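Reading through the structure tokens given below for one structure.
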Amino acid sequence: MTAPLAAPLPASPPAPAGLIKRFGLWAALAAMVAVLLLPTPADLPLAGHYMLAILAFAVIIWMTEALDYSVSAVVIGALMLFLLAYAPSAAKPGITTAMGTGASLGLALSGFANSAVALVAAACFIASAMTATGLDRRIALTVLSKVGAKTHHIVIGAMIVGFLLSFIVPSTTARVACLMPIMMGFVLAFNVDRKSRFAALLVITTAQTASIWNVGIKTAAAQNMVAIGFIEKQLGAQITWLEWFVAAAPFAALMTVALFFIMTRMMKPEMKEIAGGQETIRKQLQELGPMTMNQWKLLAIVLVLLGFWSTEKVLHSFDTTSTTIAAVALMLFPRIGVMDWKQSQKGFPWGTVVLFAVGISVGSALLQTKAAGWLAQLIVTNLGLQMASAFVILMLLSAFLIVIHLGFASATALASTMIPIIISVLSAVETPGINIVGMTMILQFVVSFGFILPVNAPQNMIAYGTDTFEARDFVRTGLVITVVATVLLVIFGLTYWPWMGLMVK
């Protein structure tokens, strides 16, 4: 008897224990008040001082998950609105009067005007369309039906599915949330113990593949859009989908190969082949029936969209955000589209969009109030980066990002906090010819290195929610994956990326 494809999974990462949440909230408030009570440095505007206090609050809240991410975004926005209202505008140094709520409201809501927010919202619509039509499940089952019944082949099939969906489902959480019930359906249908090494191998590999291809594909994750938004606004530069892919895909491809060998050796499955595995997969695929008209239409739309993404500035001048919004309009258009508005809103993560926008507002305000530049100068001075080589700067900042990611459960929050500071650090160094845009992009790759802890990313927590492995299994394999990623970072930082002119012009 064929097991159902769906298995009970948590809709979102489980909340931390109440004690940790209460401690995190009080610690965040105490840190903010402590920073506010410190004397304002002579070279830091008062508005920048207030933004550092808000940054301290935000970092602790996001690290401890003391508040739901969506709620934290509203609270942080309110703090920006009222605290900055009492500070003079940093953009007008000659004026000492408070800017008022009118000007501070503009700073608090500035992220909502960023084109990257529209792209993230549009990506959520695409993910909703995939779920509404069942196209993502069909793609996954079709690929897995071709790989054979050997356990290693099934793992390869799961990795191929994760790779393919990274192109057409621009949401890591949505991709993994789609794949986990399918993987668990296989585990149940194959009569494999949920706590077996094979089940753990399949589930962990699926989550880690998603994280790896967040690096390789610009549109695969929201945190990439954060970096792109800051690069476009602060540096006046654009990175096309193809430019990102050429820079990052070789790294992600090598990481994928390394992931396969790491996982199949550290989580060696009990059996070499699943008896009746192919028949089970084919039967589940047959139960879906033939491709529906909506699935065909959605497949055509996303393939055309992928074509526009990959040929930006080569065959046309339409940017990624514009073509994605146009695709969403087609998906919702009567007769032509694949879903109506009510269908698109089922489980739509508006909270994620709000968090994303407020995160950009925080980063933009850090830059506009000179707080990011002041912090950057401290970092540059204390680490001796003024005349350091691009490679040394890359390694030091990468190590910092890898360590600090251990405390974050959201790469989007991490990018919102750190990318503006990284841009300021790179702008403050005196290294001849340093490519600030290219270096920022490479360091954004590192932001996606959430390989070690289950709580480092929503996709990891979805995998952990299947109850197929212990946290220590994820940690010990994740540590090895992170070491390999760091080694590749060194190799690429010495060869491929300098050859491309991404580190020094």
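Just remember, in the structure tokens the first chain shown is A, the second B, etc., residues are 1-based per chain, and ligands are 1-based in the order shown.
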
Hey, what's within 9 Å of Ile212 (chain A) if we count only C-alpha atoms and toss same-chain stuff fewer than 3 positions away? As a compact mmCIF listing (two decimals) with C-alpha atoms, in the first residue's frame, please?
```txt
# COMPACT_ATOMS: atom_id res chain seq x y z
CA ALA A 207 18.08 20.75 3.52
CA GLN A 208 21.81 21.29 2.96
CA THR A 209 21.39 21.20 -0.83
CA VAL A 215 24.73 30.64 -2.83
CA GLY A 216 24.69 29.55 -6.46
CA PHE A 251 31.41 27.08 -5.98
CA ALA A 252 27.93 25.65 -5.35
CA ALA A 253 28.53 22.79 -7.82
CA MET A 255 29.98 22.04 -2.70
CA THR A 256 27.19 19.80 -3.97
CA SER A 448 24.14 31.58 3.33
CA PHE A 449 26.57 29.27 5.17
CA PHE A 451 25.19 24.56 7.69
```

Shell of 9 Å around Leu299 (chain A), only C-alpha atoms, local chain residues under 4 positions omitted, as JSON, numbers by chain: {"A": [135, 168, 294, 295, 303, 304]}

With C-alpha atoms retained, export the selected residues as a CSV table (one decimal), in the first residue's frame.
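Result file is again_12.csv:
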```csv
chain,number,residue,atom,x,y,z
A,135,LEU,CA,4.0,21.4,-10.2
A,168,ILE,CA,12.1,28.1,-10.4
A,294,ASN,CA,-2.5,25.0,-15.1
A,295,GLN,CA,0.7,23.0,-14.6
A,303,LEU,CA,10.8,28.8,-18.0
A,304,VAL,CA,10.2,32.0,-19.9
```

Would you write out, as CSV, a table of all residues in region 228-297 of chain A that have an atom no more than 8 Å from an atom of region 481-486 of chain A, listing for each the closest atom pair and the distance in Å to one decimal, considering only C-alpha atoms and ordering rows by chain and rising residue number?
```
residue,atom,partner,partner_atom,distance
A:Met255,CA,A:Ala485,CA,6.7
A:Ala258,CA,A:Val484,CA,7.6
A:Leu259,CA,A:Ile481,CA,6.8
A:Ile262,CA,A:Ile481,CA,7.4
```

Residue neighbourhood region 192-205 of chain A, 9 Å, only C-alpha atoms, exclusion window fewer than 3 positions, as a PyMOL selection string: chain A and resi 151+154-155+158-159+180+183-184+186-189+208-210+259-260+263-264+266-271+274+460+463-464+466-470+473-474

CA of Leu38 (chain A) to CA of Leu378 (chain A), straight-line distance in Å: 16.5 Å

Minimum-distance residue to Lys146 (chain A), chosen among A:Pro88, A:Cys178, A:Leu25, A:Glu279 (using only C-alpha atoms): A:Glu279

Sorted per-residue table, region 177-288 of chain A near region 418-422 of chain A, closest atoms and distance, 9 Å, only C-alpha atoms, as JSON lines:
```
{"residue": "A:Val226", "atom": "CA", "partner": "A:Ile419", "partner_atom": "CA", "distance": 8.1}
{"residue": "A:Ala227", "atom": "CA", "partner": "A:Ile419", "partner_atom": "CA", "distance": 6.3}
{"residue": "A:Phe230", "atom": "CA", "partner": "A:Pro420", "partner_atom": "CA", "distance": 6.9}
{"residue": "A:Ile231", "atom": "CA", "partner": "A:Pro420", "partner_atom": "CA", "distance": 8.9}
{"residue": "A:Gln234", "atom": "CA", "partner": "A:Pro420", "partner_atom": "CA", "distance": 8.6}
```

Residues near Val353 (chain A), cut-off 9 Å, only C-alpha atoms, skip fewer than 2 positions along chain, as a count of residues only: 13

Shell of 6 Å around region 102-104 of chain A, only C-alpha atoms, local chain residues under 3 positions omitted, as a VMD selection string: chain A and resid 81 84 to 85 99 107

Write a file of the selected residues as a compact mmCIF listing (two decimals), in the first residue's frame, keeping N, CA and C atoms.
```
# COMPACT_ATOMS: atom_id res chain seq x y z
N LEU A 81 11.02 54.90 14.26
CA LEU A 81 10.13 56.04 14.06
C LEU A 81 10.23 57.04 15.21
N LEU A 84 14.40 58.11 16.37
CA LEU A 84 15.05 59.00 15.41
C LEU A 84 14.35 60.34 15.30
N ALA A 85 13.08 60.39 15.66
CA ALA A 85 12.33 61.66 15.60
C ALA A 85 12.94 62.71 16.52
N MET A 99 14.51 65.96 13.88
CA MET A 99 13.92 65.78 12.54
C MET A 99 12.42 65.56 12.59
N LEU A 107 12.58 57.22 7.07
CA LEU A 107 13.67 56.26 7.30
C LEU A 107 13.13 54.88 7.68
```

Test item: residues at most 9 Å from Val447 (chain A), only C-alpha atoms, excluding those fewer than 3 positions along its chain, as a PyMOL selection string: chain A and resi 215+223-224+398+401-402+405+411-412+414-415+418+443-444+450

Deliver the residues from the most recent selection as a file, using N, CA and C atoms, as a CSV table (one decimal), in the first residue's frame.
```csv
chain,number,residue,atom,x,y,z
A,215,VAL,N,23.5,30.0,-2.4
A,215,VAL,CA,24.7,30.6,-2.8
A,215,VAL,C,24.8,30.7,-4.3
A,223,GLN,N,17.7,36.4,1.3
A,223,GLN,CA,18.9,37.2,1.7
A,223,GLN,C,19.8,37.7,0.6
A,224,ASN,N,19.7,37.0,-0.5
A,224,ASN,CA,20.5,37.5,-1.7
A,224,ASN,C,19.9,38.9,-2.2
A,398,SER,N,34.7,36.8,6.3
A,398,SER,CA,34.0,35.5,6.2
A,398,SER,C,34.0,34.8,7.5
A,401,LEU,N,31.5,36.3,9.7
A,401,LEU,CA,30.1,36.0,9.3
A,401,LEU,C,29.7,34.5,9.7
A,402,ILE,N,30.7,33.6,9.5
A,402,ILE,CA,30.4,32.2,9.8
A,402,ILE,C,30.1,32.0,11.3
A,405,HIS,N,26.8,33.8,12.4
A,405,HIS,CA,25.6,33.1,11.9
A,405,HIS,C,25.1,32.0,12.9
A,411,ALA,N,18.9,34.0,7.8
A,411,ALA,CA,20.0,34.6,6.9
A,411,ALA,C,19.5,36.0,6.4
A,412,THR,N,18.2,36.2,6.3
A,412,THR,CA,17.7,37.5,5.9
A,412,THR,C,18.0,38.5,6.9
A,414,LEU,N,20.4,38.3,9.2
A,414,LEU,CA,21.8,38.4,9.2
A,414,LEU,C,22.3,39.4,8.1
A,415,ALA,N,21.8,39.2,6.9
A,415,ALA,CA,22.2,40.0,5.8
A,415,ALA,C,21.7,41.5,6.0
A,418,MET,N,24.3,42.9,8.6
A,418,MET,CA,25.7,42.9,8.3
A,418,MET,C,26.1,43.5,7.0
A,443,LEU,N,30.9,38.0,-0.1
A,443,LEU,CA,30.6,37.9,1.4
A,443,LEU,C,29.1,37.6,1.6
A,444,GLN,N,28.3,38.0,0.6
A,444,GLN,CA,26.9,37.5,0.7
A,444,GLN,C,26.8,36.0,0.5
A,450,GLY,N,24.6,28.6,6.5
A,450,GLY,CA,24.0,28.1,7.7
A,450,GLY,C,23.9,26.6,7.8
```
